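Report on the following structure.
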There are 2 protein chains.
Amino acid sequence: MHGKAPRWQSSDVADASRTALGITLPARIERIIFNQVTPQVAGGRLAAKAVVGEEVPVRACVFSEGQPALLVRVRWRMATRAPSEGWDHLRLRRQMNDYWIGDISFGQIGEAEFQVEAWRDEFGSWRQDYRRWLRAKVDPSQELQTGVEIVRSGAALLPLAARTAIEQRLEQLGGQPPPSLQNYLLSVSTARRMAQALVQSPPARSSRLPVWVERSRALVGSWYELFPRSEGSDGRSSGTLVTARSRLPGVAAMKFDIVYLPPIHPIGTTARRGRNNAPLAAPGEPGSPWAIGAPAGGHTAVHPDLGSLEDFRGFLRSAEDLGLEVALDYTLQCSPDHPWVTEHPDWFDHRPDGSIRPAENPPKRYDDVFPLDFACADWQGLWQACYEILEFWIAQGVRIFRVDNPHTKPVPFWAWVFNRLRASHPEVILLAEAFTRPALMSELSRVGFSQTYTYFTWRSTKTALRTYLTQLTKVTADYLRPNFFANTPDILTEELQLGGPAAFRYRLVLAATLSPTYGIYSGYEHCENLPQKPGSEEYWDSEKYQYRPRDWNQTDSLAWLITQLNQVRRDHRALQQLRRLHFHRTDDPHLLAYSKHTADHSDVILVVVNLDPQKAHRATVRLAWKQLSAHPRASLRVHDLLDGTSSTWTDPRQEVELDPVKSPARILWVEQ
Amino acid sequence: MHGKAPRWQSSDVADASRTALGITLPARIERIIFNQVTPQVAGGRLAAKAVVGEEVPVRACVFSEGQPALLVRVRWRMATRAPSEGWDHLRLRRQMNDYWIGDISFGQIGEAEFQVEAWRDEFGSWRQDYRRWLRAKVDPSQELQTGVEIVRSGAALLPLAARTAIEQRLEQLGGQPPPSLQNYLLSVSTARRMAQALVQSPPARSSRLPVWVERSRALVGSWYELFPRSEGSDGRSSGTLVTARSRLPGVAAMKFDIVYLPPIHPIGTTARRGRNNAPLAAPGEPGSPWAIGAPAGGHTAVHPDLGSLEDFRGFLRSAEDLGLEVALDYTLQCSPDHPWVTEHPDWFDHRPDGSIRPAENPPKRYDDVFPLDFACADWQGLWQACYEILEFWIAQGVRIFRVDNPHTKPVPFWAWVFNRLRASHPEVILLAEAFTRPALMSELSRVGFSQTYTYFTWRSTKTALRTYLTQLTKVTADYLRPNFFANTPDILTEELQLGGPAAFRYRLVLAATLSPTYGIYSGYEHCENLPQKPGSEEYWDSEKYQYRPRDWNQTDSLAWLITQLNQVRRDHRALQQLRRLHFHRTDDPHLLAYSKHTADHSDVILVVVNLDPQKAHRATVRLAWKQLSAHPRASLRVHDLLDGTSSTWTDPRQEVELDPVKSPARILWVEQ
């Protein structure tokens, strides 16, 4: 602004850069550089992730030659909004080394975009220099007239009334002694006016970056898995979707948000696996629900033992009445008895002898499962059929899917699925069961999975947890949302096998407080910890291969702790976000201390966990005081949300003792 | 390859990604993902840097769904090469977490490009699985026929003779017992054949990334600054370019590569600064050479006191005869007496009263210097004129410029200058004197400066040096080449002021061995360490404002050490590269140990420096043994390049004692 500036500013920095790199003299130049604008995924080719209402931190390195004052803003809007509806704006705050930050948030689901914009602030630079002359006691009054000129040309950009007022004031001050003019030019109100004027001139802008905004449940939720066939079973015959409905009030009472069902489809009989993964099932054994498909139907059918599609809809309604959402399994593989095997033999991989190659992961072979060949000649037909499974269950009312082994299907298949879903069903959430290498796990999240399983179950030391959570909250948070399952049917960690109920308790606290989304598989509350064999992470009597009715009135259940944790999660917004996590130092290797807070620190939770299920530990926690409050405070009032006690702390060094027999953790709400 | 694969592969992964993100089914899909391909600058919009013959590490995260074997290569070529001349290729090695690495190198200067290419290796996957079955003692012979089919379809891609041989061999083996066939399929030669076949099929490719290849001097060199007016001066009158030639043999004897001259142009008389930066010069004082321009001429004139343009060319010739290159200063600012002030008053910034605003950095004002306004109305004329200064001196034979304060000129100006230079004079090297904030310093290197000044002078503790060097060698090395000046006329650090000759010695060792380019300003060899005033980093009797003749035969000069260090730098390729630097642990905070090596470890140098100029320190160095040799070795033979002693080490823990009075460091060549 102010005379010279507009000539330099262009509406698209990328265009300007291209021009500047031409050998002929550019027509105009962008003097402001935007680097490392985040959130940004794959250079802006893929969308960053947000949920409605989430405080999304925007950060950019913005600078120009010399040391000019800059005014830096972010602007953002829904991509679907009519151009006339305009953008939201927020002025960014300057940090060290030319970084600028601020938090934005989106009000609806769908595609959104943002960009950072900046101005060289001629008035701000003048003011800054003028004050430096003053501080050095060098008379700067010869600079006053320059200030007046800048204010005049700024005023020209303001509405007539404001402009006239400024001009009159300058006229008036012209006749008065210099100190009056100086005071006027250095006043806060003049600075504010000039900032208002500046943003009327064309800014320099970073490229536009896309954000995909989902509903809140994509980020925040407590998951509970159950096998409907176990609920109401006597151990020998199948429970049904009707009997399983009786379990829902118990799940709702524990304050879970999502009930996840393993596949509910017909199960193949060919090469069906028996109890404890025996190669062949005995008569009456139900088989693994992941061996999908039988004469009764494939991925769009309900297992006859479980009931009908109408029963499933009834299950959904019951859940909904209790405030629970149902997540279905989406497993793209077939049993040898799946209708596709005869209808579309070309969708499977064949051996030279013409037989279909079963799933194998040498030295293991799974004869009850045929993988689909996503690279077969008719891959387009196969992909379409796979997508239609989702459409079918969405039509029944399902909005969340837990996707089995997505990392064995081509990434472009998922990219295509997400583009269809986002266009037609933006409220649908897909959780990736991507237990694979870090690069592929990340890539699946980048192309669109709302959430992913993680390595959390195997991170048990203080260092491992700190390192992993730092990665998840600081490095990948713009596109990867972790779902911290404390266990799965395949993952009973050595820690849970050997640590007894105390291990189950503290792992539960970690999962529920470190990640806004977490979950357990049924049986966790009973601390089931028998492995299939020593050294295995599979369960003995795994529910994957048999009915597992349980006595939900068992007195030593962890339901009380789960309920308490889920209630704390619902009450505290600090736990409903991923990024703002800080680890505090403790002088015992088994005591882990961390706090989470909302962007404005209106909600702050501090957690101290004993990672040793065998022994009590005592430590001094050195609290990073300013993480716990937005404003400097001499004392903090903290409330223990597990035992109801309160204290006032004046010392950032606090002694904490945790005995695993009594309590796994302290979860403290820091009053603001 | 092999039947199905080609359908999936496209020649441009970027195009394929766009297709995959369309909602309609893509025509074909890229199953291989390329992430984080480096060297890559600004997403490939700007070129990474290399010099001829440099071993440039290429790294990429390459993966596909599932766990297939991959074959990954990098291909590269000069962009100017005719398409028929083809590409160089190198197979990359697999590292942890799907990273692939290898080193490439370019044979000529100019624009080059590279890209990573990969294939899903069906035969490799088959072989890998087959061996896993064998290891698990599960009979895999039913898989033999699949192997035969893959080999057959691979053979179809080979030249007729090879193909026929394979087919005949398979025919023959068909009649023999299975073990023969199995041995054939698992043999190294079959694997090699199949890899040869695989690369005949169309690969998946990352996008092409640009590299700007410069001559070796852009990365490697020892700089020596001298003021020609001091050489041959009696302290009251000016030395000349003719008398300064007498100093060149001495500089060449110290094995320097570059002689850098501060501005040699006419110096303004208006507001000329005097000795020790006095506001006004006394009669006969020469003024600061950075106040460029007088009636005798501006940036393309030689100061009459120094001689003529012909004298300058004579100076260049003398230097060249001694194997020295001359670097000129390129300072885009004017004294009030510069011809441009009257010819182009519009190229300067004016106060409201019409006067030209001098350089100021409140609370300092430099009345002897007028900055140019790169945003003035006639900026195109100004830019062109600035560029023509370079062309003028290039025409005289100058190929290296040291650019004063580039960070006060718009970045796009530099981008444009580099595009012109690269097109017309690709051998020209520009060093940025960019003492500015990290973001802007980096950006100037990104847009094209071959080298930059750094914060090295202010990094003195072990931690600070490790952190900074890790940044320079691991994070920014693809575009930023540091020039480690041990001092400058403006930077006499407190460490040098207080540490005496021992401080000068060890800083010299650090500069010369940590960075492939380093330098000193004349007087460093005499350990001149008087500050202008306490707390200042300016020199007393700074050469910027007066003649400083020196007695180069002074006996306590550091010339002996400088000569030794420069000789070591010339003899050892490990010191002629930036990236391969490793810090070894020592148990004393004052002893810093590091090694550098070539990509193939054919040259390895280990340095231990005492950072305390006041006291002897003794420490155990825990050597990372594998950094010191490409192959496992029980013992290492090391030769001290400073004192000529040799030893044989069998223990990775070595005691080192360094007494600053005796020796600043040990510089050891590790024999391979």
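Note on naming: chains are A, B, ... as they come in the structure tokens, residues start from 1 per chain, ligands start from 1 in the order shown.
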I need the helix (DSSP H, G or I) residues of region 139-339 of chain A per DSSP on the backbone, written as a compact mmCIF listing (two decimals) with N, CA, C and O atoms, in the first residue's frame.
# COMPACT_ATOMS: atom_id res chain seq x y z
N SER A 141 12.92 14.00 14.81
CA SER A 141 11.78 14.81 14.35
C SER A 141 11.84 15.07 12.85
O SER A 141 10.82 15.31 12.22
N GLN A 142 13.04 14.94 12.24
CA GLN A 142 13.08 15.12 10.79
C GLN A 142 12.31 14.01 10.06
O GLN A 142 12.04 14.11 8.87
N GLU A 143 11.99 12.91 10.78
CA GLU A 143 11.24 11.81 10.18
C GLU A 143 9.73 11.99 10.29
O GLU A 143 8.97 11.22 9.72
N LEU A 144 9.33 13.01 11.06
CA LEU A 144 7.88 13.18 11.27
C LEU A 144 7.14 13.37 9.95
O LEU A 144 6.07 12.79 9.74
N GLN A 145 7.72 14.16 9.05
CA GLN A 145 7.00 14.45 7.82
C GLN A 145 6.81 13.19 6.97
O GLN A 145 5.78 13.02 6.31
N THR A 146 7.81 12.30 7.01
CA THR A 146 7.65 11.01 6.31
C THR A 146 6.46 10.25 6.88
O THR A 146 5.64 9.70 6.15
N GLY A 147 6.36 10.27 8.21
CA GLY A 147 5.23 9.61 8.86
C GLY A 147 3.91 10.21 8.39
O GLY A 147 2.96 9.47 8.08
N VAL A 148 3.87 11.50 8.32
CA VAL A 148 2.64 12.17 7.89
C VAL A 148 2.26 11.73 6.47
O VAL A 148 1.12 11.40 6.17
N GLU A 149 3.26 11.66 5.59
CA GLU A 149 2.98 11.25 4.21
C GLU A 149 2.43 9.83 4.13
O GLU A 149 1.53 9.54 3.36
N ILE A 150 3.03 8.96 4.94
CA ILE A 150 2.56 7.56 4.91
C ILE A 150 1.13 7.49 5.41
O ILE A 150 0.28 6.80 4.84
N VAL A 151 0.84 8.22 6.50
CA VAL A 151 -0.52 8.20 7.04
C VAL A 151 -1.51 8.77 6.02
O VAL A 151 -2.59 8.24 5.83
N ARG A 152 -1.09 9.83 5.33
CA ARG A 152 -1.98 10.41 4.30
C ARG A 152 -2.31 9.40 3.21
O ARG A 152 -3.47 9.23 2.85
N SER A 153 -1.28 8.72 2.71
CA SER A 153 -1.59 7.81 1.61
C SER A 153 -2.35 6.60 2.13
O SER A 153 -3.16 6.01 1.41
N GLY A 154 -2.12 6.22 3.40
CA GLY A 154 -2.93 5.15 3.99
C GLY A 154 -4.38 5.57 4.11
O GLY A 154 -5.30 4.81 3.76
N ALA A 155 -4.59 6.80 4.58
CA ALA A 155 -5.96 7.28 4.80
C ALA A 155 -6.78 7.22 3.52
O ALA A 155 -7.99 6.98 3.55
N LEU A 160 -14.63 7.28 3.48
CA LEU A 160 -14.54 8.74 3.41
C LEU A 160 -14.49 9.41 4.78
O LEU A 160 -13.65 10.29 5.03
N ALA A 161 -15.36 8.97 5.69
CA ALA A 161 -15.43 9.63 7.01
C ALA A 161 -14.11 9.51 7.75
O ALA A 161 -13.57 10.50 8.27
N ALA A 162 -13.57 8.31 7.78
CA ALA A 162 -12.32 8.06 8.49
C ALA A 162 -11.19 8.85 7.86
O ALA A 162 -10.35 9.47 8.55
N ARG A 163 -11.21 8.86 6.54
CA ARG A 163 -10.17 9.55 5.80
C ARG A 163 -10.20 11.06 6.08
O ARG A 163 -9.17 11.68 6.36
N THR A 164 -11.41 11.61 6.06
CA THR A 164 -11.55 13.04 6.32
C THR A 164 -11.08 13.37 7.72
O THR A 164 -10.36 14.36 7.94
N ALA A 165 -11.48 12.54 8.66
CA ALA A 165 -11.09 12.78 10.06
C ALA A 165 -9.57 12.81 10.20
O ALA A 165 -9.01 13.69 10.86
N ILE A 166 -8.91 11.87 9.56
CA ILE A 166 -7.44 11.81 9.65
C ILE A 166 -6.83 13.06 9.02
O ILE A 166 -5.92 13.68 9.58
N GLU A 167 -7.35 13.40 7.85
CA GLU A 167 -6.76 14.56 7.16
C GLU A 167 -6.93 15.84 7.97
O GLU A 167 -6.01 16.65 8.07
N GLN A 168 -8.10 15.99 8.57
CA GLN A 168 -8.34 17.18 9.40
C GLN A 168 -7.41 17.20 10.60
O GLN A 168 -6.84 18.23 10.96
N ARG A 169 -7.26 16.05 11.18
CA ARG A 169 -6.40 15.96 12.36
C ARG A 169 -4.95 16.32 12.01
O ARG A 169 -4.27 17.05 12.74
N LEU A 170 -4.49 15.81 10.87
CA LEU A 170 -3.12 16.10 10.44
C LEU A 170 -2.94 17.61 10.19
O LEU A 170 -1.94 18.20 10.56
N GLU A 171 -3.96 18.21 9.57
CA GLU A 171 -3.96 19.65 9.29
C GLU A 171 -3.81 20.42 10.59
O GLU A 171 -2.94 21.28 10.74
N GLN A 172 -4.68 20.04 11.53
CA GLN A 172 -4.71 20.66 12.85
C GLN A 172 -3.33 20.56 13.53
O GLN A 172 -2.78 21.54 14.03
N LEU A 173 -2.75 19.33 13.49
CA LEU A 173 -1.49 19.09 14.19
C LEU A 173 -0.34 19.81 13.52
O LEU A 173 0.66 20.15 14.17
N GLY A 174 -0.49 20.07 12.22
CA GLY A 174 0.53 20.81 11.49
C GLY A 174 0.80 22.17 12.12
O GLY A 174 1.93 22.67 12.08
N PRO A 178 5.73 20.06 17.45
CA PRO A 178 6.01 18.70 17.01
C PRO A 178 5.58 17.58 17.96
O PRO A 178 5.10 16.55 17.49
N PRO A 179 5.74 17.73 19.30
CA PRO A 179 5.37 16.60 20.17
C PRO A 179 3.93 16.14 19.96
O PRO A 179 3.63 14.95 20.05
N SER A 180 3.01 17.04 19.67
CA SER A 180 1.62 16.64 19.46
C SER A 180 1.52 15.72 18.24
O SER A 180 0.86 14.68 18.26
N LEU A 181 2.18 16.14 17.16
CA LEU A 181 2.15 15.32 15.95
C LEU A 181 2.78 13.95 16.23
O LEU A 181 2.26 12.91 15.83
N GLN A 182 3.90 13.99 16.92
CA GLN A 182 4.58 12.72 17.26
C GLN A 182 3.66 11.79 18.06
O GLN A 182 3.54 10.61 17.76
N ASN A 183 3.01 12.35 19.05
CA ASN A 183 2.10 11.52 19.86
C ASN A 183 0.99 10.93 19.01
O ASN A 183 0.62 9.77 19.17
N TYR A 184 0.48 11.75 18.11
CA TYR A 184 -0.61 11.26 17.26
C TYR A 184 -0.11 10.11 16.38
O TYR A 184 -0.75 9.06 16.27
N LEU A 185 1.08 10.29 15.77
CA LEU A 185 1.58 9.28 14.84
C LEU A 185 1.96 7.99 15.56
O LEU A 185 1.85 6.90 14.99
N LEU A 186 2.39 8.11 16.81
CA LEU A 186 2.81 6.90 17.54
C LEU A 186 1.66 6.26 18.31
O LEU A 186 1.85 5.22 18.95
N VAL A 188 -1.69 4.23 19.50
CA VAL A 188 -2.23 2.91 19.17
C VAL A 188 -3.37 3.04 18.16
O VAL A 188 -3.52 2.23 17.25
N SER A 189 -4.16 4.10 18.30
CA SER A 189 -5.31 4.21 17.40
C SER A 189 -4.85 4.50 15.97
O SER A 189 -5.42 3.99 15.02
N THR A 190 -3.79 5.29 15.81
CA THR A 190 -3.28 5.51 14.45
C THR A 190 -2.74 4.20 13.86
O THR A 190 -2.97 3.88 12.70
N ALA A 191 -2.04 3.44 14.70
CA ALA A 191 -1.52 2.15 14.23
C ALA A 191 -2.68 1.26 13.77
O ALA A 191 -2.61 0.59 12.74
N ARG A 192 -3.78 1.29 14.54
CA ARG A 192 -4.92 0.44 14.18
C ARG A 192 -5.54 0.91 12.87
O ARG A 192 -5.85 0.12 11.98
N ARG A 193 -5.70 2.22 12.74
CA ARG A 193 -6.23 2.78 11.50
C ARG A 193 -5.38 2.38 10.30
O ARG A 193 -5.87 2.01 9.24
N MET A 194 -4.08 2.49 10.48
CA MET A 194 -3.18 2.20 9.36
C MET A 194 -3.20 0.71 8.99
O MET A 194 -3.08 0.35 7.82
N ALA A 195 -3.39 -0.14 10.01
CA ALA A 195 -3.52 -1.57 9.71
C ALA A 195 -4.80 -1.82 8.93
O ALA A 195 -4.84 -2.61 7.98
N GLN A 196 -5.87 -1.10 9.32
CA GLN A 196 -7.13 -1.22 8.57
C GLN A 196 -6.94 -0.77 7.13
O GLN A 196 -7.50 -1.37 6.20
N ALA A 197 -6.19 0.29 6.95
CA ALA A 197 -5.95 0.80 5.59
C ALA A 197 -5.11 -0.20 4.80
O ALA A 197 -5.41 -0.52 3.65
N LEU A 198 -4.07 -0.72 5.46
CA LEU A 198 -3.13 -1.60 4.77
C LEU A 198 -3.83 -2.80 4.14
O LEU A 198 -3.55 -3.17 3.00
N SER A 216 -17.03 -34.07 13.78
CA SER A 216 -16.21 -34.18 14.96
C SER A 216 -15.81 -35.63 15.28
O SER A 216 -14.71 -35.91 15.76
N ARG A 217 -16.72 -36.57 15.00
CA ARG A 217 -16.45 -37.98 15.34
C ARG A 217 -15.22 -38.54 14.63
O ARG A 217 -14.65 -39.55 15.07
N ALA A 218 -14.80 -37.90 13.55
CA ALA A 218 -13.59 -38.37 12.85
C ALA A 218 -12.35 -38.17 13.71
O ALA A 218 -11.36 -38.87 13.55
N PRO A 228 -21.26 -59.69 17.82
CA PRO A 228 -22.67 -59.92 18.16
C PRO A 228 -22.97 -61.40 18.40
O PRO A 228 -23.83 -61.73 19.21
N ARG A 229 -22.21 -62.28 17.75
CA ARG A 229 -22.51 -63.71 17.92
C ARG A 229 -22.20 -64.21 19.33
O ARG A 229 -22.68 -65.26 19.74
N SER A 230 -21.37 -63.46 20.06
CA SER A 230 -21.06 -63.86 21.44
C SER A 230 -22.12 -63.39 22.42
O SER A 230 -22.27 -63.97 23.50
N LEU A 241 -28.22 -60.64 16.26
CA LEU A 241 -28.27 -59.18 16.33
C LEU A 241 -29.36 -58.73 17.30
O LEU A 241 -29.28 -57.64 17.86
N VAL A 242 -30.35 -59.60 17.49
CA VAL A 242 -31.41 -59.25 18.45
C VAL A 242 -30.90 -59.43 19.88
O VAL A 242 -31.03 -58.53 20.72
N THR A 243 -30.24 -60.56 20.14
CA THR A 243 -29.74 -60.75 21.52
C THR A 243 -28.63 -59.76 21.82
O THR A 243 -28.49 -59.29 22.95
N ALA A 244 -27.84 -59.43 20.78
CA ALA A 244 -26.72 -58.50 21.00
C ALA A 244 -27.21 -57.11 21.37
O ALA A 244 -26.49 -56.34 22.01
N ARG A 245 -28.44 -56.78 20.98
CA ARG A 245 -28.98 -55.47 21.35
C ARG A 245 -29.01 -55.29 22.86
O ARG A 245 -28.90 -54.16 23.37
N SER A 246 -29.14 -56.39 23.58
CA SER A 246 -29.20 -56.30 25.04
C SER A 246 -27.88 -55.82 25.64
O SER A 246 -27.84 -55.39 26.79
N ARG A 247 -26.82 -55.98 24.88
CA ARG A 247 -25.53 -55.54 25.41
C ARG A 247 -25.36 -54.02 25.26
O ARG A 247 -24.54 -53.41 25.96
N LEU A 248 -26.12 -53.41 24.37
CA LEU A 248 -25.90 -52.00 24.06
C LEU A 248 -26.07 -51.07 25.26
O LEU A 248 -25.26 -50.15 25.45
N PRO A 249 -27.07 -51.25 26.09
CA PRO A 249 -27.19 -50.35 27.26
C PRO A 249 -25.94 -50.40 28.14
O PRO A 249 -25.50 -49.37 28.67
N GLY A 250 -25.35 -51.57 28.29
CA GLY A 250 -24.13 -51.70 29.08
C GLY A 250 -22.98 -50.90 28.46
O GLY A 250 -22.19 -50.26 29.15
N VAL A 251 -22.91 -50.96 27.14
CA VAL A 251 -21.85 -50.22 26.43
C VAL A 251 -22.09 -48.71 26.56
O VAL A 251 -21.16 -47.94 26.81
N ALA A 252 -23.36 -48.33 26.42
CA ALA A 252 -23.70 -46.90 26.56
C ALA A 252 -23.43 -46.42 27.98
O ALA A 252 -22.99 -45.29 28.19
N ALA A 253 -23.68 -47.30 28.96
CA ALA A 253 -23.45 -46.91 30.35
C ALA A 253 -21.97 -46.64 30.61
O ALA A 253 -21.62 -45.84 31.48
N ARG A 275 -11.46 -73.56 16.68
CA ARG A 275 -11.07 -72.94 17.95
C ARG A 275 -9.54 -72.82 18.06
O ARG A 275 -8.83 -73.76 17.69
N ASN A 276 -9.08 -71.71 18.52
CA ASN A 276 -7.65 -71.44 18.65
C ASN A 276 -6.90 -71.64 17.33
O ASN A 276 -5.78 -72.13 17.30
N ASN A 277 -7.58 -71.24 16.26
CA ASN A 277 -6.94 -71.23 14.94
C ASN A 277 -6.55 -72.63 14.48
O ASN A 277 -5.56 -72.79 13.75
N LEU A 309 -31.38 -58.61 7.63
CA LEU A 309 -31.01 -57.21 7.43
C LEU A 309 -31.90 -56.31 8.29
O LEU A 309 -31.45 -55.29 8.83
N GLU A 310 -33.16 -56.72 8.43
CA GLU A 310 -34.07 -55.95 9.27
C GLU A 310 -33.57 -55.97 10.73
O GLU A 310 -33.61 -54.95 11.42
N ASP A 311 -33.06 -57.12 11.17
CA ASP A 311 -32.51 -57.21 12.53
C ASP A 311 -31.33 -56.24 12.68
O ASP A 311 -31.13 -55.61 13.71
N PHE A 312 -30.52 -56.18 11.59
CA PHE A 312 -29.38 -55.28 11.66
C PHE A 312 -29.85 -53.83 11.80
O PHE A 312 -29.33 -53.06 12.61
N ARG A 313 -30.89 -53.48 11.01
CA ARG A 313 -31.40 -52.10 11.12
C ARG A 313 -31.95 -51.84 12.51
O ARG A 313 -31.82 -50.75 13.07
N GLY A 314 -32.56 -52.87 13.10
CA GLY A 314 -33.07 -52.74 14.47
C GLY A 314 -31.93 -52.50 15.46
O GLY A 314 -32.04 -51.68 16.38
N PHE A 315 -30.81 -53.23 15.22
CA PHE A 315 -29.63 -53.05 16.06
C PHE A 315 -29.14 -51.60 15.96
O PHE A 315 -28.83 -50.95 16.97
N LEU A 316 -29.09 -51.10 14.73
CA LEU A 316 -28.67 -49.72 14.50
C LEU A 316 -29.56 -48.74 15.26
O LEU A 316 -29.08 -47.80 15.89
N ARG A 317 -30.89 -48.97 15.18
CA ARG A 317 -31.84 -48.07 15.84
C ARG A 317 -31.65 -48.08 17.35
O ARG A 317 -31.66 -47.04 18.00
N SER A 318 -31.49 -49.27 17.91
CA SER A 318 -31.27 -49.36 19.36
C SER A 318 -30.02 -48.59 19.76
O SER A 318 -30.01 -47.88 20.77
N ALA A 319 -28.99 -48.80 18.98
CA ALA A 319 -27.74 -48.09 19.28
C ALA A 319 -27.98 -46.59 19.23
O ALA A 319 -27.61 -45.85 20.16
N GLU A 320 -28.61 -46.14 18.19
CA GLU A 320 -28.85 -44.72 18.00
C GLU A 320 -29.64 -44.15 19.18
O GLU A 320 -29.34 -43.06 19.68
N ASP A 321 -30.66 -44.91 19.62
CA ASP A 321 -31.46 -44.44 20.76
C ASP A 321 -30.59 -44.25 22.01
O ASP A 321 -30.91 -43.44 22.88
N PRO A 339 -19.95 -65.85 -3.24
CA PRO A 339 -20.55 -65.88 -4.59
C PRO A 339 -19.61 -65.36 -5.67
O PRO A 339 -19.64 -65.84 -6.81
Hey, what's within 9 Å of Gln654 (chain A) if we count only C-alpha atoms and toss same-chain stuff fewer than 3 positions away? As a ChimeraX atom specification, please? /A:619-623,649,651
Limited to C-alpha atoms, could you put the picked residues into a file as a CSV table (one decimal), in the first residue's frame?
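selection_15.csv written:
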chain,number,residue,atom,x,y,z
A,619,ALA,CA,8.9,-38.9,41.7
A,620,THR,CA,9.2,-35.1,41.5
A,621,VAL,CA,7.4,-33.8,38.5
A,622,ARG,CA,8.9,-30.6,37.2
A,623,LEU,CA,5.9,-28.8,35.7
A,649,TRP,CA,0.0,-25.7,43.9
A,651,ASP,CA,5.6,-24.9,43.3
Contacts of chain A with chain B up to 6 Å, shortest pair per row, only C-alpha atoms, as CSV:
residue,atom,partner,partner_atom,distance
A:Ala20,CA,B:Pro412,CA,5.5
A:Leu21,CA,B:Trp416,CA,5.7
A:Ile23,CA,B:Asn419,CA,5.6
A:Arg31,CA,B:Pro410,CA,5.7
A:Glu65,CA,B:Thr408,CA,5.1
A:Gly66,CA,B:Thr408,CA,4.3
A:Arg132,CA,B:Pro362,CA,5.7
A:Trp133,CA,B:Pro363,CA,5.3
A:Ala136,CA,B:Pro363,CA,5.8
A:Thr146,CA,B:Pro352,CA,6.0
A:Pro352,CA,B:Thr146,CA,6.0
A:Pro362,CA,B:Trp133,CA,5.7
A:Pro363,CA,B:Trp133,CA,5.3
A:His407,CA,B:Glu65,CA,5.4
A:Thr408,CA,B:Gly66,CA,4.3
A:Lys409,CA,B:Glu65,CA,5.8
A:Pro410,CA,B:Glu65,CA,5.3
A:Pro412,CA,B:Ala20,CA,5.6
A:Ala415,CA,B:Leu21,CA,5.8
A:Trp416,CA,B:Leu21,CA,5.6
A:Asn419,CA,B:Ile23,CA,5.6
A:Arg420,CA,B:Ile23,CA,5.6
Set the distance at 8 Å and use only C-alpha atoms: which residues neighbour Leu558 (chain B) once local chain neighbours fewer than 3 positions away are removed? I'd like the list as an NGL selection string. :B and (505 or 525-527 or 561-562)
How many Å lie between CA of Gly107 (chain A) and CA of Asp478 (chain A), rounded to one decimal? 17.8 Å
Between B:His303, B:Arg618, B:Lys474, B:Lys662, which residue has the minimum interatomic distance to Arg580 (chain B), considering only C-alpha atoms?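 That would be B:Lys474, the residue with the smallest distance to Arg580 (chain B).
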Which neighbours of Pro664 (chain B) fall inside 7 Å, counting only C-alpha atoms, when residues of the same chain fewer than 3 positions from it are skipped, and could you give them as a list of chain:residue names?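 Here the qualifying residues turn out to be B:Ala502, B:Arg505, B:Tyr506, B:Val609, B:Asn610, B:Leu658, B:Pro660.
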With a distance cut-off of 7 Å and only C-alpha atoms, select the neighbouring residues of Leu578 (chain B), excluding the residue or stretch itself and same-chain residues fewer than 4 positions from it, and output the selection as a PyMOL selection string. chain B and resi 473+515-516
Restricting it to all heavy atoms, dump the selection as a tab-separated table (two decimals), in the first residue's frame.
chain	number	residue	atom	x	y	z
B	473	THR	N	24.88	-29.74	7.43
B	473	THR	CA	25.28	-30.91	6.65
B	473	THR	C	24.13	-31.86	6.37
B	473	THR	O	24.17	-32.62	5.41
B	473	THR	CB	26.41	-31.69	7.36
B	473	THR	OG1	25.94	-32.10	8.66
B	473	THR	CG2	27.65	-30.83	7.55
B	515	SER	N	34.13	-27.23	7.00
B	515	SER	CA	33.45	-26.81	5.78
B	515	SER	C	34.40	-26.91	4.59
B	515	SER	O	35.57	-26.54	4.69
B	515	SER	CB	32.97	-25.35	5.94
B	515	SER	OG	32.48	-24.86	4.72
B	516	PRO	N	33.89	-27.38	3.44
B	516	PRO	CA	34.79	-27.47	2.29
B	516	PRO	C	35.24	-26.10	1.78
B	516	PRO	O	36.25	-25.98	1.11
B	516	PRO	CB	33.96	-28.21	1.23
B	516	PRO	CG	32.54	-28.14	1.71
B	516	PRO	CD	32.58	-27.96	3.19
